[in-house]
Amino acid sequence: FRQFMDMEESQVLGMDNLKKAMEQAEAGENVVFFANHQSEADPQVMSLMLEKAGFAKEAEKVVYVAGHKVTTDPLAIPFSMGRNLICIHSKKHIDADPETKPIKSRQNLAAMNGMLDKLKAGGTILWVAPSGGRDRRDVESGKTPIAPFDHKTMDMFRLMGTKSKKPTHYYPLAMVSYELCPPPDFIEAGVGEQRNFRFVPVGIKCGDELTNEGGLESRAAFNDAGFQRCLKDYHELREMLFPGTAPELE
């Protein structure tokens with residue numbers, strides 16, 4: 001996928017935050033990146049951007065929480081080859097087929113237990129897309145806003161961090177990769193969607209670490225801060241890479 005990315009023009013922002021996160025992981029603490037998701041190639045994008053930033057060794061350790069298509073759609077499988085994946089079925093895909101729901105639920109439980117074991121071991125770096133899917137283009141404006149983060153997903157990873165008994169750090173991560181391989185404008189439940197690749201720059205920005213204090217009463221502030229920081233950083237990154245294409249900030 002390196003050949004599809006204009007590496008020279010690609011951007012990595014938030015270097016101080018990235019450096020801090022990698023040092024925390026090296027010290028045996030856990031790091032969770034809450035990212036927006038724009039392309040099936042995002043695991044490759046993240047890996048290559050970390051490499052560009054000088055974190056090639058750390059890039060090999062990142063574990064990506066992915067949906068079922070990366071293992072069931074023949075055209076999607078190559079997008080994540082060589083990356084560490086933990087696959088989880090989204091709620092909408094579990095409920096779509098009642099006959100396979102028990103099997104998928106058991107697979108999800110096994111995946112969650114596997115993630116918790118890794119967090120308990122410490123030094124784990126997770127990439128998670130709390131939106132549960134890729135950002136879609138607004139067909140009226142032609143611009144691509146980031147999809148809202150699911151609060152229950154963020155709550156779950158925060159809870160797993162607490163259960164791990166290891167210090168766990170959370171960072172918002174803005175990604176711009178839509179132009180690399182744009183998804184359909186509307187969600188398709190099945191496999192075999194059409195893919196179109198373009199040679200374009202991509203980018204990431206690691207935001208400031210989220211304050212992880214308090215219990216249930218603080219989760220709304222934690223979740224809102226994660227999304228709002230990602231939203232702001234996405235706007236900055238997109239304007240840098242593709243001027244005039246960022247959605248308006250509210």
# chains A, B, ... in the order shown; residues from 1 in each chain; ligands from 1

call {"tool": "residues_around", "arguments": {"residues": "Met112 of chain A", "least_positions_apart": "4", "cutoff": "9 Å", "atoms": "only C-alpha atoms", "output": "list in words"}}
result
Ile86, Ile88, Gln107, Asn108, Leu116, Asp117 and Met160 of chain A

call {"tool": "write_last_selection", "arguments": {"atoms": "N, CA, C and O atoms", "output": "CSV table (one decimal), in the first residue's frame"}}
result
chain,number,residue,atom,x,y,z
A,86,ILE,N,-7.7,-7.8,15.8
A,86,ILE,CA,-8.7,-8.5,16.7
A,86,ILE,C,-10.0,-8.1,16.1
A,86,ILE,O,-10.4,-6.9,16.0
A,88,ILE,N,-14.1,-7.9,15.7
A,88,ILE,CA,-15.3,-7.8,16.5
A,88,ILE,C,-16.5,-7.5,15.6
A,88,ILE,O,-16.4,-6.6,14.7
A,107,GLN,N,-18.0,-15.3,19.4
A,107,GLN,CA,-16.7,-14.8,18.8
A,107,GLN,C,-16.3,-13.5,19.4
A,107,GLN,O,-15.2,-13.2,19.7
A,108,ASN,N,-17.3,-12.6,19.6
A,108,ASN,CA,-17.0,-11.3,20.2
A,108,ASN,C,-16.5,-11.4,21.6
A,108,ASN,O,-15.6,-10.7,22.0
A,116,LEU,N,-8.5,-8.2,26.7
A,116,LEU,CA,-8.3,-7.9,28.1
A,116,LEU,C,-7.0,-8.6,28.6
A,116,LEU,O,-6.2,-8.0,29.4
A,117,ASP,N,-6.7,-9.8,28.1
A,117,ASP,CA,-5.5,-10.5,28.4
A,117,ASP,C,-4.3,-9.7,28.0
A,117,ASP,O,-3.3,-9.6,28.7
A,160,MET,N,-12.1,-1.8,30.4
A,160,MET,CA,-11.1,-2.8,30.2
A,160,MET,C,-9.8,-2.3,30.7
A,160,MET,O,-9.0,-3.1,31.3

call {"tool": "select_by_dssp", "arguments": {"residues": "segment 3-247 of chain A", "states": "helix (DSSP H, G or I)", "output": "PyMOL selection string"}}
result
chain A and resi 3-4+15-26+42-52+56-59+69-72+77-80+91-96+101-121+151-163+178-180+216-241

call {"tool": "closest_residue", "arguments": {"among": "A:Gly133, A:Gly54, A:Gly14, A:Gly203", "to": "Leu241 of chain A", "atoms": "only C-alpha atoms"}}
result
A:Gly203

call {"tool": "closest_residue", "arguments": {"among": "A:Leu180, A:Ile204, A:Leu109, A:Ala225", "to": "Gln11 of chain A", "atoms": "only C-alpha atoms"}}
result
A:Ile204

call {"tool": "atom_distance", "arguments": {"atom1": "atom CA of Asp6 of chain A", "atom2": "atom CA of Cys181 of chain A"}}
result
13.3 Å

call {"tool": "residues_around", "arguments": {"residues": "Ala25 of chain A", "least_positions_apart": "2", "cutoff": "8 Å", "atoms": "only C-alpha atoms", "output": "ChimeraX atom specification"}}
result
/A:21-23,27-31,122-125

call {"tool": "select_by_dssp", "arguments": {"residues": "segment 74-191 of chain A", "states": "strand (DSSP E or B)", "output": "list in words"}}
result
Asn84, Leu85, Ile86, Cys87, Ile125, Leu126, Trp127, Val128, Thr168, His169, Tyr170, Tyr171, Pro172, Leu173, Ala174, Met175 and Val176 of chain A

call {"tool": "residues_around", "arguments": {"residues": "Val45 of chain A", "least_positions_apart": "3", "cutoff": "9 Å", "atoms": "only C-alpha atoms", "output": "mmCIF file with all heavy atoms, in the first residue's frame"}}
result
data_model
loop_
_atom_site.group_PDB
_atom_site.id
_atom_site.type_symbol
_atom_site.label_atom_id
_atom_site.label_comp_id
_atom_site.auth_asym_id
_atom_site.auth_seq_id
_atom_site.Cartn_x
_atom_site.Cartn_y
_atom_site.Cartn_z
ATOM 1 N N PHE A 1 0.817 -1.213 0.000
ATOM 2 C CA PHE A 1 0.000 0.000 0.000
ATOM 3 C C PHE A 1 0.852 1.264 0.000
ATOM 4 O O PHE A 1 0.351 2.344 -0.245
ATOM 5 C CB PHE A 1 -0.960 0.003 1.196
ATOM 6 C CG PHE A 1 -2.138 -0.896 0.999
ATOM 7 C CD1 PHE A 1 -2.066 -2.232 1.314
ATOM 8 C CD2 PHE A 1 -3.312 -0.404 0.447
ATOM 9 C CE1 PHE A 1 -3.142 -3.062 1.115
ATOM 10 C CE2 PHE A 1 -4.397 -1.220 0.239
ATOM 11 C CZ PHE A 1 -4.320 -2.564 0.578
ATOM 12 N N ARG A 2 2.121 1.114 0.289
ATOM 13 C CA ARG A 2 3.009 2.267 0.272
ATOM 14 C C ARG A 2 2.969 2.974 -1.081
ATOM 15 O O ARG A 2 3.051 4.193 -1.175
ATOM 16 C CB ARG A 2 4.434 1.815 0.597
ATOM 17 C CG ARG A 2 5.416 2.936 0.846
ATOM 18 C CD ARG A 2 6.823 2.355 0.991
ATOM 19 N NE ARG A 2 6.887 1.370 2.052
ATOM 20 C CZ ARG A 2 7.191 1.670 3.311
ATOM 21 N NH1 ARG A 2 7.444 2.917 3.645
ATOM 22 N NH2 ARG A 2 7.248 0.722 4.229
ATOM 23 N N MET A 5 0.293 5.636 -1.562
ATOM 24 C CA MET A 5 0.325 6.816 -0.713
ATOM 25 C C MET A 5 1.450 7.754 -1.135
ATOM 26 O O MET A 5 2.584 7.315 -1.349
ATOM 27 C CB MET A 5 0.521 6.406 0.751
ATOM 28 C CG MET A 5 -0.552 5.471 1.281
ATOM 29 S SD MET A 5 -0.218 4.995 2.996
ATOM 30 C CE MET A 5 -1.215 3.482 3.102
ATOM 31 N N SER A 39 -10.895 4.623 5.734
ATOM 32 C CA SER A 39 -10.576 3.708 4.646
ATOM 33 C C SER A 39 -10.293 2.321 5.204
ATOM 34 O O SER A 39 -9.806 2.176 6.331
ATOM 35 C CB SER A 39 -9.345 4.215 3.874
ATOM 36 O OG SER A 39 -8.743 3.185 3.118
ATOM 37 N N ALA A 41 -7.976 0.671 4.391
ATOM 38 C CA ALA A 41 -6.518 0.602 4.488
ATOM 39 C C ALA A 41 -5.975 1.345 5.707
ATOM 40 O O ALA A 41 -4.762 1.502 5.843
ATOM 41 C CB ALA A 41 -5.895 1.170 3.216
ATOM 42 N N ASP A 42 -6.838 1.776 6.623
ATOM 43 C CA ASP A 42 -6.376 2.567 7.762
ATOM 44 C C ASP A 42 -5.292 1.880 8.604
ATOM 45 O O ASP A 42 -4.377 2.561 9.082
ATOM 46 C CB ASP A 42 -7.556 2.988 8.639
ATOM 47 C CG ASP A 42 -8.272 4.218 8.082
ATOM 48 O OD1 ASP A 42 -7.738 4.834 7.140
ATOM 49 O OD2 ASP A 42 -9.367 4.549 8.582
ATOM 50 N N LEU A 48 2.273 3.057 8.356
ATOM 51 C CA LEU A 48 3.232 3.799 7.540
ATOM 52 C C LEU A 48 3.466 5.215 8.066
ATOM 53 O O LEU A 48 4.564 5.753 7.957
ATOM 54 C CB LEU A 48 2.769 3.840 6.084
ATOM 55 C CG LEU A 48 2.894 2.498 5.347
ATOM 56 C CD1 LEU A 48 2.192 2.556 3.995
ATOM 57 C CD2 LEU A 48 4.360 2.111 5.158
ATOM 58 N N MET A 49 2.438 5.816 8.653
ATOM 59 C CA MET A 49 2.627 7.135 9.239
ATOM 60 C C MET A 49 3.490 7.059 10.505
ATOM 61 O O MET A 49 4.302 7.953 10.769
ATOM 62 C CB MET A 49 1.276 7.797 9.551
ATOM 63 C CG MET A 49 0.464 8.188 8.313
ATOM 64 S SD MET A 49 1.306 9.339 7.193
ATOM 65 C CE MET A 49 1.998 8.191 5.976
ATOM 66 N N LEU A 50 3.322 5.994 11.290
ATOM 67 C CA LEU A 50 4.196 5.810 12.447
ATOM 68 C C LEU A 50 5.633 5.597 11.991
ATOM 69 O O LEU A 50 6.585 6.121 12.591
ATOM 70 C CB LEU A 50 3.719 4.625 13.290
ATOM 71 C CG LEU A 50 2.435 4.829 14.099
ATOM 72 C CD1 LEU A 50 2.065 3.547 14.829
ATOM 73 C CD2 LEU A 50 2.581 5.972 15.091
ATOM 74 N N MET A 175 -7.516 10.932 11.580
ATOM 75 C CA MET A 175 -6.955 10.329 10.379
ATOM 76 C C MET A 175 -7.603 10.921 9.133
ATOM 77 O O MET A 175 -8.826 11.120 9.094
ATOM 78 C CB MET A 175 -7.171 8.801 10.375
ATOM 79 C CG MET A 175 -6.517 8.087 11.537
ATOM 80 S SD MET A 175 -6.490 6.282 11.353
ATOM 81 C CE MET A 175 -5.342 6.074 9.985
ATOM 82 N N SER A 177 -7.700 9.748 5.324
ATOM 83 C CA SER A 177 -7.336 8.705 4.348
ATOM 84 C C SER A 177 -8.478 8.428 3.381
ATOM 85 O O SER A 177 -8.399 7.494 2.586
ATOM 86 C CB SER A 177 -6.948 7.409 5.078
ATOM 87 O OG SER A 177 -8.036 6.911 5.844
ATOM 88 N N VAL A 202 -1.789 11.091 2.765
ATOM 89 C CA VAL A 202 -2.645 10.729 3.897
ATOM 90 C C VAL A 202 -2.048 11.386 5.141
ATOM 91 O O VAL A 202 -0.991 12.010 5.076
ATOM 92 C CB VAL A 202 -2.726 9.199 4.076
ATOM 93 C CG1 VAL A 202 -3.433 8.556 2.889
ATOM 94 C CG2 VAL A 202 -1.332 8.590 4.259
ATOM 95 N N GLY A 203 -2.708 11.244 6.266
ATOM 96 C CA GLY A 203 -2.146 11.851 7.462
ATOM 97 C C GLY A 203 -2.811 11.409 8.737
ATOM 98 O O GLY A 203 -3.934 10.882 8.736
ATOM 99 N N ILE A 204 -2.092 11.596 9.844
ATOM 100 C CA ILE A 204 -2.639 11.363 11.180
ATOM 101 C C ILE A 204 -2.232 12.526 12.084
ATOM 102 O O ILE A 204 -1.224 13.189 11.848
ATOM 103 C CB ILE A 204 -2.156 10.036 11.806
ATOM 104 C CG1 ILE A 204 -0.637 10.045 12.030
ATOM 105 C CG2 ILE A 204 -2.574 8.844 10.958
ATOM 106 C CD1 ILE A 204 -0.111 8.845 12.815
#

call {"tool": "closest_residue", "arguments": {"among": "A:Lys118, A:Ala221, A:Gln38, A:Asn17", "to": "Tyr171 of chain A", "atoms": "only C-alpha atoms"}}
result
A:Asn17

call {"tool": "residues_around", "arguments": {"residues": "segment 227-235 of chain A", "least_positions_apart": "4", "cutoff": "7 Å", "atoms": "only C-alpha atoms", "output": "list in words"}}
result
Phe149, Pro172, Leu173, Ala174, Met175, Lys205, Gly207, Asn223, Glu239 and Ala246 of chain A

call {"tool": "residues_around", "arguments": {"residues": "Pro247 of chain A", "least_positions_apart": "3", "cutoff": "9 Å", "atoms": "only C-alpha atoms", "output": "PyMOL selection string"}}
result
chain A and resi 141+143-146+235+244

call {"tool": "write_last_selection", "arguments": {"atoms": "N, CA, C and O atoms", "output": "compact mmCIF listing (two decimals), in the first residue's frame"}}
result
# COMPACT_ATOMS: atom_id res chain seq x y z
N SER A 141 -22.96 18.33 0.41
CA SER A 141 -21.83 19.27 0.47
C SER A 141 -20.60 18.74 -0.27
O SER A 141 -19.72 19.51 -0.67
N LYS A 143 -18.39 17.09 1.17
CA LYS A 143 -17.32 17.01 2.16
C LYS A 143 -17.50 15.77 3.03
O LYS A 143 -18.57 15.16 3.04
N THR A 144 -16.45 15.41 3.76
CA THR A 144 -16.48 14.17 4.54
C THR A 144 -16.32 14.46 6.02
O THR A 144 -15.19 14.60 6.52
N PRO A 145 -17.41 14.56 6.76
CA PRO A 145 -17.32 14.76 8.21
C PRO A 145 -16.96 13.44 8.89
O PRO A 145 -17.14 12.37 8.31
N ILE A 146 -16.42 13.52 10.10
CA ILE A 146 -16.15 12.27 10.81
C ILE A 146 -17.41 11.82 11.53
O ILE A 146 -18.20 12.64 12.02
N HIS A 235 -10.08 18.53 11.35
CA HIS A 235 -10.27 19.74 10.55
C HIS A 235 -8.91 20.34 10.17
O HIS A 235 -8.68 20.69 9.00
N GLY A 244 -9.63 23.51 1.82
CA GLY A 244 -11.00 23.79 1.42
C GLY A 244 -11.95 22.62 1.48
O GLY A 244 -13.12 22.76 1.15

call {"tool": "atom_distance", "arguments": {"atom1": "atom CA of Glu179 of chain A", "atom2": "atom CA of Thr153 of chain A"}}
result
26.4 Å

call {"tool": "residues_around", "arguments": {"residues": "Asp150 of chain A", "least_positions_apart": "2", "cutoff": "9 Å", "atoms": "only C-alpha atoms", "output": "MDAnalysis selection string"}}
result
chainID A and resid 130:132 148 152:155 223

call {"tool": "atom_distance", "arguments": {"atom1": "atom CA of Glu213 of chain A", "atom2": "atom CA of Lys19 of chain A"}}
result
22.2 Å

call {"tool": "closest_atom_pairs", "arguments": {"of": "segment 125-210 of chain A", "to": "segment 60-67 of chain A", "cutoff": "6 Å", "atoms": "only C-alpha atoms", "output": "Markdown table"}}
result
| residue | atom | partner | partner_atom | distance |
| --- | --- | --- | --- | --- |
| A:Ile125 | CA | A:Val62 | CA | 5.0 |
| A:Leu126 | CA | A:Val63 | CA | 4.9 |
| A:Trp127 | CA | A:Tyr64 | CA | 4.8 |
| A:Val128 | CA | A:Val65 | CA | 5.4 |

call {"tool": "write_last_selection", "arguments": {"atoms": "N, CA and C atoms", "output": "PDB file, in the first residue's frame"}}
result
ATOM      1  N   ILE A 125      -0.612  -1.619  22.596  1.00  0.00           N
ATOM      2  CA  ILE A 125      -1.077  -0.436  21.866  1.00  0.00           C
ATOM      3  C   ILE A 125      -2.274  -0.859  21.022  1.00  0.00           C
ATOM      4  N   LEU A 126      -3.430  -0.273  21.288  1.00  0.00           N
ATOM      5  CA  LEU A 126      -4.653  -0.590  20.547  1.00  0.00           C
ATOM      6  C   LEU A 126      -5.086   0.592  19.695  1.00  0.00           C
ATOM      7  N   TRP A 127      -5.539   0.286  18.477  1.00  0.00           N
ATOM      8  CA  TRP A 127      -6.172   1.286  17.598  1.00  0.00           C
ATOM      9  C   TRP A 127      -7.644   0.896  17.497  1.00  0.00           C
ATOM     10  N   VAL A 128      -8.516   1.819  17.884  1.00  0.00           N
ATOM     11  CA  VAL A 128      -9.955   1.545  17.928  1.00  0.00           C
ATOM     12  C   VAL A 128     -10.709   2.655  17.202  1.00  0.00           C
TER      13      VAL A 128
END
